[in-house]
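J.: Take a look at start23.cif, mmCIF, C-alpha atoms:
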```cif
data_start
#
loop_
_atom_site.label_atom_id
_atom_site.label_comp_id
_atom_site.auth_asym_id
_atom_site.auth_seq_id
_atom_site.Cartn_x
_atom_site.Cartn_y
_atom_site.Cartn_z
CA MET A 1 -21.90 0.62 -10.67
CA ALA A 2 -22.91 -1.26 -13.79
CA ASP A 3 -21.54 -4.79 -14.22
CA THR A 4 -21.23 -6.53 -17.61
CA ALA A 5 -19.72 -9.99 -18.03
CA SER A 6 -17.36 -10.87 -20.83
CA GLY A 7 -14.97 -13.62 -21.81
CA SER A 8 -11.19 -13.58 -21.96
CA TYR A 9 -9.71 -10.99 -24.32
CA GLY A 10 -7.10 -11.83 -26.95
CA ASN A 11 -4.18 -13.94 -25.84
CA GLY A 12 -4.33 -12.80 -22.27
CA GLY A 13 -4.51 -16.32 -20.90
CA SER A 14 -6.08 -17.22 -17.59
CA SER A 15 -6.92 -14.60 -15.01
CA ASN A 16 -6.19 -14.57 -11.31
CA ASP A 17 -8.95 -14.06 -8.76
CA ALA A 18 -6.94 -11.10 -7.42
CA ASP A 19 -7.58 -9.25 -10.70
CA ASP A 20 -11.36 -9.39 -10.17
CA ILE A 21 -11.78 -6.54 -7.66
CA GLU A 22 -14.72 -4.41 -6.60
CA PHE A 23 -12.91 -1.06 -6.93
CA PRO A 24 -9.80 -0.14 -8.93
CA ILE A 25 -6.48 1.11 -7.55
CA LEU A 26 -6.59 4.80 -8.49
CA CYS A 27 -4.93 8.03 -7.49
CA GLU A 28 -7.01 10.99 -6.36
CA THR A 29 -6.40 12.88 -9.59
CA CYS A 30 -7.68 10.12 -11.87
CA LEU A 31 -10.70 9.49 -9.64
CA GLY A 32 -11.80 13.11 -9.95
CA ASP A 33 -13.39 15.59 -7.58
CA ASN A 34 -16.94 14.23 -7.90
CA PRO A 35 -17.79 12.23 -4.74
CA TYR A 36 -20.74 10.59 -6.56
CA VAL A 37 -18.77 9.24 -9.51
CA ARG A 38 -20.37 6.33 -11.36
CA MET A 39 -18.31 3.53 -12.91
CA THR A 40 -18.98 0.75 -15.37
CA LYS A 41 -17.35 -2.58 -14.57
CA GLU A 42 -16.56 -5.26 -17.15
CA LYS A 43 -15.19 -8.54 -15.85
CA LEU A 44 -12.18 -9.82 -17.85
CA GLY A 45 -12.90 -7.13 -20.40
CA LYS A 46 -9.34 -6.26 -21.41
CA GLU A 47 -5.78 -7.51 -21.23
CA CYS A 48 -3.18 -5.81 -19.11
CA LYS A 49 -0.67 -3.73 -21.06
CA ILE A 50 2.15 -5.04 -18.87
CA CYS A 51 1.52 -8.75 -18.32
CA SER A 52 -1.07 -9.37 -21.10
CA ARG A 53 -3.47 -11.08 -18.70
CA ALA A 54 -7.21 -10.45 -18.78
CA PHE A 55 -8.52 -8.38 -15.88
CA THR A 56 -11.61 -6.49 -14.80
CA ILE A 57 -11.69 -3.00 -16.30
CA PHE A 58 -13.47 0.10 -14.99
CA ARG A 59 -14.60 3.17 -16.93
CA TRP A 60 -15.84 6.47 -15.47
CA LEU A 61 -16.10 10.23 -16.05
CA PRO A 62 -14.00 12.19 -13.50
CA GLY A 63 -16.06 15.38 -13.82
CA ARG A 64 -17.74 17.88 -16.07
CA GLY A 65 -15.65 18.86 -19.06
CA MET A 66 -13.33 15.89 -18.54
CA ARG A 67 -12.72 12.84 -20.72
CA TYR A 68 -13.71 9.29 -19.88
CA LYS A 69 -10.95 7.30 -18.20
CA LYS A 70 -10.39 3.57 -17.78
CA THR A 71 -7.95 1.22 -16.11
CA GLU A 72 -4.95 0.22 -18.23
CA ILE A 73 -3.07 -2.36 -16.14
CA CYS A 74 -4.21 -5.17 -13.85
CA PRO A 75 -4.31 -4.79 -10.04
CA THR A 76 -1.40 -7.20 -9.55
CA CYS A 77 0.96 -5.14 -11.69
CA ALA A 78 -0.26 -1.98 -9.98
CA LYS A 79 0.49 -3.42 -6.52
CA LEU A 80 3.98 -4.59 -7.53
CA LYS A 81 4.92 -0.99 -8.38
CA ASN A 82 2.47 0.83 -6.10
CA VAL A 83 1.10 2.80 -9.04
CA CYS A 84 -2.30 3.91 -10.29
CA GLN A 85 -4.00 1.55 -12.73
CA THR A 86 -4.76 4.45 -15.10
CA CYS A 87 -1.95 7.04 -15.09
CA ILE A 88 0.86 4.64 -13.96
CA LEU A 89 2.06 7.20 -11.40
CA ASP A 90 3.06 6.50 -7.82
CA ILE A 91 0.01 6.34 -5.55
CA GLU A 92 1.58 8.12 -2.57
CA HIS A 93 3.48 10.95 -4.27
CA GLY A 94 1.89 11.17 -7.72
CA LEU A 95 5.30 11.04 -9.42
CA PRO A 96 6.63 8.88 -12.28
CA VAL A 97 8.13 5.50 -11.39
CA GLN A 98 11.54 6.54 -12.74
CA VAL A 99 11.64 9.56 -10.43
CA ARG A 100 10.60 7.56 -7.38
CA ASP A 101 13.05 4.72 -8.02
CA SER A 102 15.91 7.16 -8.66
CA MET A 103 15.32 9.02 -5.40
CA LEU A 104 14.89 5.86 -3.32
CA GLY A 105 17.65 3.86 -5.04
CA MET A 106 15.32 1.07 -6.17
CA GLN A 107 15.87 -1.26 -9.11
CA ASP A 108 13.30 -2.64 -11.53
CA GLU A 109 13.05 -6.39 -10.91
CA VAL A 110 10.20 -7.21 -13.29
CA PRO A 111 11.56 -9.27 -16.24
CA ARG A 112 10.97 -8.02 -19.77
CA GLU A 113 10.71 -11.45 -21.43
CA GLU A 114 7.15 -12.76 -21.61
CA SER A 115 7.86 -16.22 -20.19
CA ASN A 116 10.00 -14.99 -17.31
CA ARG A 117 7.64 -12.14 -16.59
CA ARG A 118 4.67 -14.50 -16.36
CA ASP A 119 6.44 -16.71 -13.82
CA TYR A 120 7.63 -13.70 -11.86
CA LEU A 121 4.16 -12.16 -11.70
CA ALA A 122 2.63 -15.45 -10.60
CA LYS A 123 5.20 -15.77 -7.82
CA MET A 124 4.72 -12.17 -6.70
CA ALA A 125 0.93 -12.55 -6.79
CA ASN A 126 1.18 -15.42 -4.32
CA ARG A 127 3.54 -13.38 -2.18
CA LEU A 128 1.07 -10.48 -2.17
CA GLU A 129 -1.68 -12.77 -0.93
CA VAL A 130 0.50 -14.15 1.89
CA LEU A 131 2.67 -11.19 2.97
CA GLY A 132 0.71 -8.24 1.64
CA ASP A 133 2.87 -5.42 0.24
CA PRO A 134 6.34 -6.96 -0.37
CA LEU A 135 8.25 -3.74 -1.04
CA ASP A 136 8.54 -0.45 0.81
CA PHE A 137 7.76 2.38 -1.61
CA SER A 138 7.26 5.00 1.11
CA GLY A 139 10.99 5.63 1.59
CA LYS A 140 11.15 5.04 5.34
CA THR A 141 14.66 3.62 5.02
CA GLN A 142 15.73 6.52 2.76
CA PRO A 143 14.76 9.74 4.60
CA ALA A 144 16.72 11.97 2.21
CA GLY A 145 15.05 10.46 -0.85
CA ARG A 146 11.66 10.61 0.82
CA GLY A 147 12.18 14.29 1.55
CA ALA A 148 13.10 14.97 -2.06
CA LEU A 149 9.96 13.16 -3.25
CA GLN A 150 7.77 15.19 -0.91
CA ARG A 151 9.26 18.42 -2.22
CA MET A 152 8.69 17.38 -5.84
CA ALA A 153 5.14 16.09 -5.29
CA ARG A 154 2.08 18.27 -5.77
CA LYS A 155 0.27 19.46 -2.69
CA SER A 156 -3.18 18.94 -4.23
CA PRO A 157 -4.66 16.80 -7.05
CA TYR A 158 -4.00 18.03 -10.58
CA TYR A 159 -7.44 17.67 -12.14
CA LYS A 160 -6.34 19.56 -15.23
CA ARG A 161 -4.73 16.31 -16.37
CA ASN A 162 -8.21 14.83 -16.91
CA ARG A 163 -9.23 17.36 -19.54
CA ALA A 164 -10.32 16.24 -22.98
CA HIS A 165 -7.66 15.86 -25.66
CA VAL A 166 -7.06 18.53 -28.27
CA CYS A 167 -9.18 18.10 -31.39
CA SER A 168 -6.88 17.11 -34.26
CA PHE A 169 -9.40 18.32 -36.83
CA PHE A 170 -9.48 21.75 -35.16
CA VAL A 171 -5.69 21.96 -35.42
CA LYS A 172 -6.01 21.25 -39.15
CA GLY A 173 -8.88 23.74 -39.45
CA GLN A 174 -11.35 21.03 -40.52
CA CYS A 175 -13.58 20.51 -37.43
CA THR A 176 -17.27 21.15 -38.23
CA ARG A 177 -18.82 20.13 -34.88
CA GLY A 178 -18.38 23.48 -33.20
CA SER A 179 -19.54 23.56 -29.57
CA GLU A 180 -20.77 19.94 -29.82
CA CYS A 181 -17.24 18.61 -30.29
CA PRO A 182 -16.18 16.59 -27.20
CA TYR A 183 -12.53 17.58 -27.70
CA ARG A 184 -10.79 20.84 -26.87
CA HIS A 185 -10.65 23.51 -29.55
CA GLU A 186 -7.26 25.04 -28.86
CA MET A 187 -3.81 24.83 -30.32
CA PRO A 188 -1.36 22.48 -28.56
CA ASP A 189 1.36 24.36 -26.72
CA GLY A 190 3.15 21.50 -24.95
CA ASP A 191 6.46 19.85 -25.68
CA PRO A 192 6.07 17.30 -28.53
CA GLU A 193 8.56 15.03 -26.76
CA LEU A 194 6.10 14.55 -23.88
CA ALA A 195 3.59 13.06 -26.31
CA LYS A 196 5.96 10.14 -27.02
CA GLN A 197 5.20 8.28 -23.81
CA ASN A 198 4.89 4.53 -23.56
CA ILE A 199 3.01 2.79 -20.75
CA VAL A 200 5.48 -0.11 -20.58
CA ASP A 201 8.49 2.23 -20.31
CA ARG A 202 6.74 4.36 -17.71
CA TYR A 203 5.88 1.27 -15.68
CA HIS A 204 9.47 -0.03 -15.70
CA GLY A 205 10.92 3.45 -15.16
CA ASN A 206 12.90 3.73 -18.40
CA ASN A 207 12.96 6.37 -21.14
CA ASP A 208 10.26 8.50 -19.53
CA PRO A 209 10.54 12.10 -20.87
CA VAL A 210 8.50 13.53 -18.00
CA ALA A 211 10.73 11.81 -15.43
CA ARG A 212 13.90 13.01 -17.15
CA ARG A 213 12.69 16.60 -17.05
CA MET A 214 11.74 16.39 -13.38
CA LEU A 215 15.06 14.82 -12.40
CA ALA A 216 17.00 17.47 -14.31
CA ARG A 217 15.03 20.23 -12.58
CA SER A 218 15.63 18.60 -9.21
CA ARG A 219 19.40 18.38 -9.77
CA LYS A 220 19.48 22.01 -10.85
CA SER A 221 17.69 23.14 -7.70
CA GLU A 222 20.02 21.06 -5.51
CA ASN A 223 23.12 22.62 -7.07
CA THR A 224 21.88 26.14 -6.31
CA LEU A 225 22.91 25.82 -2.65
CA THR A 226 26.31 27.36 -3.30
CA ALA A 227 28.15 29.33 -0.66
CA PRO A 228 28.09 33.12 -1.10
CA THR A 229 31.31 34.99 -1.76
CA ASP A 230 30.84 37.12 1.35
CA LYS A 231 32.77 35.19 4.02
CA SER A 232 31.01 37.08 6.80
CA ILE A 233 27.75 35.19 6.12
CA THR A 234 27.60 32.26 8.54
CA SER A 235 23.82 31.80 8.77
CA LEU A 236 21.42 29.38 7.06
CA PHE A 237 17.75 29.99 6.35
CA VAL A 238 15.42 27.05 7.08
CA THR A 239 11.84 26.89 5.72
CA GLY A 240 9.07 24.30 5.89
CA MET A 241 9.32 23.74 9.66
CA ASP A 242 6.04 21.93 10.21
CA GLY A 243 5.96 21.18 13.94
CA LEU A 244 9.72 21.47 14.46
CA ALA A 245 10.99 23.27 17.56
CA GLN A 246 14.18 25.16 18.34
CA ALA A 247 15.61 22.15 20.17
CA ASP A 248 15.25 20.02 17.02
CA LEU A 249 17.31 22.50 15.00
CA LEU A 250 19.93 22.73 17.72
CA GLY A 251 20.33 18.97 17.80
CA HIS A 252 20.54 18.63 14.02
CA PHE A 253 22.81 21.52 13.06
CA GLY A 254 24.93 21.36 16.19
CA ALA A 255 26.65 18.29 14.75
CA TYR A 256 28.26 20.37 11.98
CA GLY A 257 29.75 23.13 14.11
CA GLU A 258 29.33 25.40 17.11
CA LEU A 259 26.17 27.47 16.93
CA LYS A 260 25.84 31.10 17.90
CA SER A 261 22.05 31.14 18.02
CA VAL A 262 18.89 29.72 16.45
CA ALA A 263 16.06 32.19 15.81
CA VAL A 264 12.68 30.60 15.04
CA VAL A 265 9.92 32.64 13.38
CA PRO A 266 6.65 30.80 14.16
CA LYS A 267 4.45 32.97 11.93
CA GLY A 268 6.70 32.46 8.93
CA ASN A 269 7.27 28.76 9.63
CA CYS A 270 11.00 29.38 9.21
CA ALA A 271 14.18 29.86 11.23
CA PHE A 272 17.69 31.29 11.05
CA VAL A 273 20.58 29.07 12.14
CA ASN A 274 23.62 31.19 13.00
CA PHE A 275 26.99 29.44 13.16
CA LYS A 276 30.06 30.83 14.87
CA SER A 277 32.31 29.85 11.97
CA ARG A 278 31.89 29.75 8.21
CA ALA A 279 33.20 26.17 8.10
CA GLY A 280 30.28 24.88 10.18
CA ALA A 281 27.72 26.57 7.93
CA GLU A 282 29.39 25.19 4.79
CA ALA A 283 29.45 21.68 6.26
CA ALA A 284 25.72 21.84 7.04
CA ALA A 285 24.94 23.17 3.56
CA ALA A 286 27.02 20.45 1.89
CA ALA A 287 25.21 17.75 3.84
CA ALA A 288 21.83 19.13 2.71
CA LEU A 289 22.49 18.82 -1.05
CA GLY A 290 20.65 15.50 -1.22
CA GLY A 291 17.80 16.79 0.94
CA CYS A 292 17.61 17.91 4.56
CA VAL A 293 15.36 15.85 6.84
CA ILE A 294 14.88 16.68 10.53
CA LYS A 295 12.77 14.39 12.70
CA GLU A 296 11.52 12.60 9.54
CA LYS A 297 10.28 15.92 8.15
CA PRO A 298 11.85 17.43 5.02
CA VAL A 299 12.89 21.08 5.23
CA ARG A 300 14.40 23.48 2.72
CA LEU A 301 17.75 25.09 3.29
CA ALA A 302 19.27 28.25 1.84
CA TRP A 303 22.05 30.64 2.67
CA ALA A 304 20.92 33.72 4.56
CA LYS A 305 21.30 37.06 2.85
CA PRO A 306 23.56 39.76 4.32
CA ARG A 307 21.80 42.28 6.52
CA PRO A 308 21.37 45.49 4.51
CA LYS A 309 22.51 48.79 5.93
CA GLY A 310 19.61 50.91 7.11
CA PRO A 311 18.73 54.13 5.28
CA GLU A 312 19.05 56.15 8.47
CA SER A 313 22.83 56.00 8.35
CA GLU A 314 22.84 57.12 4.71
CA VAL A 315 20.46 59.99 5.42
CA ALA A 316 22.52 61.05 8.41
CA ALA A 317 25.69 60.92 6.33
CA ARG A 318 24.14 63.05 3.59
CA ALA A 319 22.74 65.49 6.13
CA GLY A 320 26.10 65.75 7.86
CA GLY A 321 27.82 66.39 4.55
CA LYS A 322 25.42 69.17 3.65
CA ALA A 323 25.78 70.76 7.07
CA SER A 324 29.56 70.73 6.87
CA SER A 325 29.58 72.13 3.34
CA GLY A 326 27.12 74.93 4.15
CA GLY A 327 28.91 76.01 7.29
CA HIS A 328 25.92 75.27 9.56
CA GLN A 329 26.09 72.80 12.38
CA ARG A 330 22.89 71.03 13.39
CA GLN A 331 22.14 71.36 17.08
CA GLU A 332 21.31 68.16 18.95
CA LEU A 333 20.41 67.11 22.46
CA PRO A 334 22.96 65.17 24.54
CA ASN A 335 21.43 61.82 23.55
CA GLY A 336 21.70 62.63 19.82
CA ILE A 337 18.07 63.68 19.26
CA PRO A 338 17.84 66.78 17.01
CA LEU A 339 16.11 69.86 18.34
CA PRO A 340 12.72 70.87 16.93
CA PRO A 341 12.77 73.44 14.11
CA GLY A 342 11.57 76.30 16.31
CA ALA A 343 14.32 75.76 18.89
CA GLN A 344 17.27 75.89 16.50
CA LYS A 345 19.13 79.20 16.53
CA ASP A 346 20.44 78.85 12.99
CA ARG A 347 16.93 78.30 11.57
CA LYS A 348 16.38 80.11 8.29
CA PRO A 349 13.50 82.60 8.12
CA ALA A 350 10.29 81.22 6.67
CA ALA A 351 9.31 82.31 3.19
CA TYR A 352 5.61 82.62 4.16
CA PRO A 353 3.92 83.30 7.51
CA SER A 354 2.09 80.00 7.33
CA GLN A 355 5.43 78.15 7.35
CA ASP A 356 6.55 79.70 10.63
CA PRO A 357 5.10 77.79 13.59
CA THR A 358 6.17 80.43 16.08
CA ALA A 359 4.38 83.17 14.16
CA GLN A 360 1.21 81.16 14.06
CA GLY A 361 1.38 80.62 17.77
CA ALA A 362 1.99 84.30 18.41
CA ALA A 363 -0.98 85.27 16.22
CA ALA A 364 -3.21 82.84 18.03
CA SER A 365 -2.16 84.21 21.43
CA ARG A 366 -2.80 87.83 20.32
CA GLY A 367 -6.23 86.94 19.02
CA SER A 368 -7.21 85.34 22.30
#
```
What does the file become when written as structure tokens?
T.:
Amino acid sequence: MADTASGSYGNGGSSNDADDIEFPILCETCLGDNPYVRMTKEKLGKECKICSRAFTIFRWLPGRGMRYKKTEICPTCAKLKNVCQTCILDIEHGLPVQVRDSMLGMQDEVPREESNRRDYLAKMANRLEVLGDPLDFSGKTQPAGRGALQRMARKSPYYKRNRAHVCSFFVKGQCTRGSECPYRHEMPDGDPELAKQNIVDRYHGNNDPVARRMLARSRKSENTLTAPTDKSITSLFVTGMDGLAQADLLGHFGAYGELKSVAVVPKGNCAFVNFKSRAGAEAAAAAALGGCVIKEKPVRLAWAKPRPKGPESEVAARAGGKASSGGHQRQELPNGIPLPPGAQKDRKPAAYPSQDPTAQGAAASRGS
């Protein structure tokens, strides 16, 4: 890691020793998939975009075909919100601050005025040194909100976010660099509203277009758990049962009504919870609108679909109708099993000798 010294930048003021760190606070996506990434370090090389204090900046290339990335906010501001210094997203879930605070019911306590903010950050910096992490951003006290965050979070790093920006000259048809251009030669297809993002608003969790879209999609998915019109459906379908047993489901859903049975499918990592009454199933579904958490593990809930009628009954009904209309009655054994074709007395004569199994057998016996 290269190290270059520099003085204070702009009107950032004095710097805290906590801002001079050996490695930045980054999420896995911004760090990249290269385990041998190289970084350049510049002490007090830039001012924080939140508190305007000078801090040590880092610059690196996440991978081939990616763009160079650098830290944007100081470590103190990143610790106060538990966010990445580059993308300003939550370290644990990789979600915007506005989404995380909305799900966990947290309020932004960082002042907006420069004088008050400077005093607040100095006080919180001292508290970080003495107590460590002052706030709980994991959602241990809000299991429903934590479950919703885990459902909204990505399961793996999204390295596509590190790609180079679209070449503005290519969009205008004026780029002459060709394959040597470090920017992407493709037309932008994203929402123009998402390009109007501000680091300060994203940090404080206000007016974030990405967060608004994610929250709207989350509310829409929560409202889809509506009861079916068929009143005979009294079962719920549970998915995402990582390590949960049948006894855990019995203890959780038994509080909403009497259960008929709980069928766990280990291979599918799912289960069917069958209630004796429709009221119990509706009560359990209503309680899961904000997120269902069992044994500190979030699960997904949906109404079970009605069991379809098998095709055998339809085929039997059609066959019975044809038999009654044609005047022929199909012969069956006492247990309902139909007789083989050669044993039925009302069997129609075969059109060809090869279609008559008895004739074939007779010919074979004569030849022997």
J.: What is the CA of Val99 in chain A to CA of Ala211 in chain A distance in Å?
T.: 5.6 Å
J.: Please report, as a tab-separated table, each residue of range 171-244 of chain A lying at most 12 Å from range 249-273 of chain A, together with the nearest pair of atoms and the separation in Å rounded to one decimal; use only C-alpha atoms, and order rows by chain and ascending residue number.
T.:
```
residue	atom	partner	partner_atom	distance
A:Ile233	CA	A:Val273	CA	11.2
A:Thr234	CA	A:Val273	CA	8.5
A:Ser235	CA	A:Val273	CA	5.4
A:Leu236	CA	A:Val273	CA	5.2
A:Phe237	CA	A:Phe272	CA	4.9
A:Val238	CA	A:Ala271	CA	5.2
A:Thr239	CA	A:Cys270	CA	4.4
A:Gly240	CA	A:Asn269	CA	6.1
A:Met241	CA	A:Asn269	CA	5.4
A:Asp242	CA	A:Asn269	CA	7.0
A:Gly243	CA	A:Asn269	CA	8.8
A:Leu244	CA	A:Leu249	CA	7.7
```
J.: Write to file, as a PDB file, keeping the file's coordinate frame, the residues of the selection just made, with C-alpha atoms.
T.:
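Saved file selection03.pdb follows:
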```pdb
ATOM      1  CA  ILE A 233      27.750  35.190   6.120  1.00  0.00           C
ATOM      2  CA  THR A 234      27.600  32.260   8.540  1.00  0.00           C
ATOM      3  CA  SER A 235      23.820  31.800   8.770  1.00  0.00           C
ATOM      4  CA  LEU A 236      21.420  29.380   7.060  1.00  0.00           C
ATOM      5  CA  PHE A 237      17.750  29.990   6.350  1.00  0.00           C
ATOM      6  CA  VAL A 238      15.420  27.050   7.080  1.00  0.00           C
ATOM      7  CA  THR A 239      11.840  26.890   5.720  1.00  0.00           C
ATOM      8  CA  GLY A 240       9.070  24.300   5.890  1.00  0.00           C
ATOM      9  CA  MET A 241       9.320  23.740   9.660  1.00  0.00           C
ATOM     10  CA  ASP A 242       6.040  21.930  10.210  1.00  0.00           C
ATOM     11  CA  GLY A 243       5.960  21.180  13.940  1.00  0.00           C
ATOM     12  CA  LEU A 244       9.720  21.470  14.460  1.00  0.00           C
TER      13      LEU A 244
END
```
J.: Would you kindly translate the PyMOL selection byres ((chain A and resi 201) around 12) into the concrete residues it picks from this file, as a list in words?
T.: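 Applying the PyMOL selection byres ((chain A and resi 201) around 12) to the structure shown produces Lys49, Ile50, Ile88, Pro96, Val97, Gln98, Asp108, Val110, Arg112, Lys196, Gln197, Asn198, Ile199, Val200, Arg202, Tyr203, His204, Gly205, Asn206, Asn207, Asp208, Pro209, Val210 and Ala211 of chain A.
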J.: Quick check, in Å to one decimal: how far apart do CA of Pro143 in chain A and CA of Asn274 in chain A lie?
T.: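 Straight-line distance from CA of Pro143 in chain A to CA of Asn274 in chain A works out to 24.7 Å.
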J.: Closest to Phe137 in chain A among A:Arg213, A:His93, A:Lys172, A:Arg154, using only C-alpha atoms?
T.: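 With only C-alpha atoms as the atom set, the closest residue is A:His93.
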J.: Given the file above and the PyMOL selection byres ((chain A and resi 30) around 8), which residues are selected, and can you give them as a list in words?
T.: Leu26, Cys27, Glu28, Thr29, Leu31, Gly32, Pro62, Lys69, Thr86, Cys87, Tyr159 and Asn162 of chain A
J.: Name the residues that the PyMOL selection byres ((chain A and resi 279) around 10) pulls out of this structure, and write them as a compact mmCIF listing (two decimals) with C-alpha atoms, in the frame of the given file.
T.:
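Okay, expr_27.txt is ready:
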```txt
# COMPACT_ATOMS: atom_id res chain seq x y z
CA LYS A 231 32.77 35.19 4.02
CA THR A 234 27.60 32.26 8.54
CA TYR A 256 28.26 20.37 11.98
CA GLY A 257 29.75 23.13 14.11
CA GLU A 258 29.33 25.40 17.11
CA PHE A 275 26.99 29.44 13.16
CA LYS A 276 30.06 30.83 14.87
CA SER A 277 32.31 29.85 11.97
CA ARG A 278 31.89 29.75 8.21
CA GLY A 280 30.28 24.88 10.18
CA ALA A 281 27.72 26.57 7.93
CA GLU A 282 29.39 25.19 4.79
CA ALA A 283 29.45 21.68 6.26
CA ALA A 284 25.72 21.84 7.04
CA ALA A 285 24.94 23.17 3.56
```
J.: To one decimal place, how far is CA of Ala164 in chain A from CA of Gly63 in chain A in Å?
T.: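 Computing the Euclidean distance for CA of Ala164 in chain A and CA of Gly63 in chain A yields 10.8 Å.
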J.: For Lys123 in chain A, which of A:Leu225, A:Leu80, A:Val299, A:Ile73 is the closest residue, counting all atoms listed in the file?
T.: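 Among the listed residues, the smallest separation from Lys123 in chain A belongs to A:Leu80.
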J.: Around the point (26.5, 34.5, -2.3) in the file's coordinates, collect all residues with an atom within 9 Å, using only C-alpha atoms, and return them as a list in words.
T.: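 Here the neighbourhood of the point contains Thr226, Ala227, Pro228, Thr229, Asp230, Lys231, Ile233, Trp303, Ala304, Lys305 and Pro306 of chain A.
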J.: So which residues are close to (10.5, 13.7, -3.8), meaning at most 12 Å away in the file's coordinates with only C-alpha atoms counted, and can you show them as a ChimeraX atom specification?
T.: /A:90,92-104,137-139,142-155,211,214-215,217-219,290-293,298-299
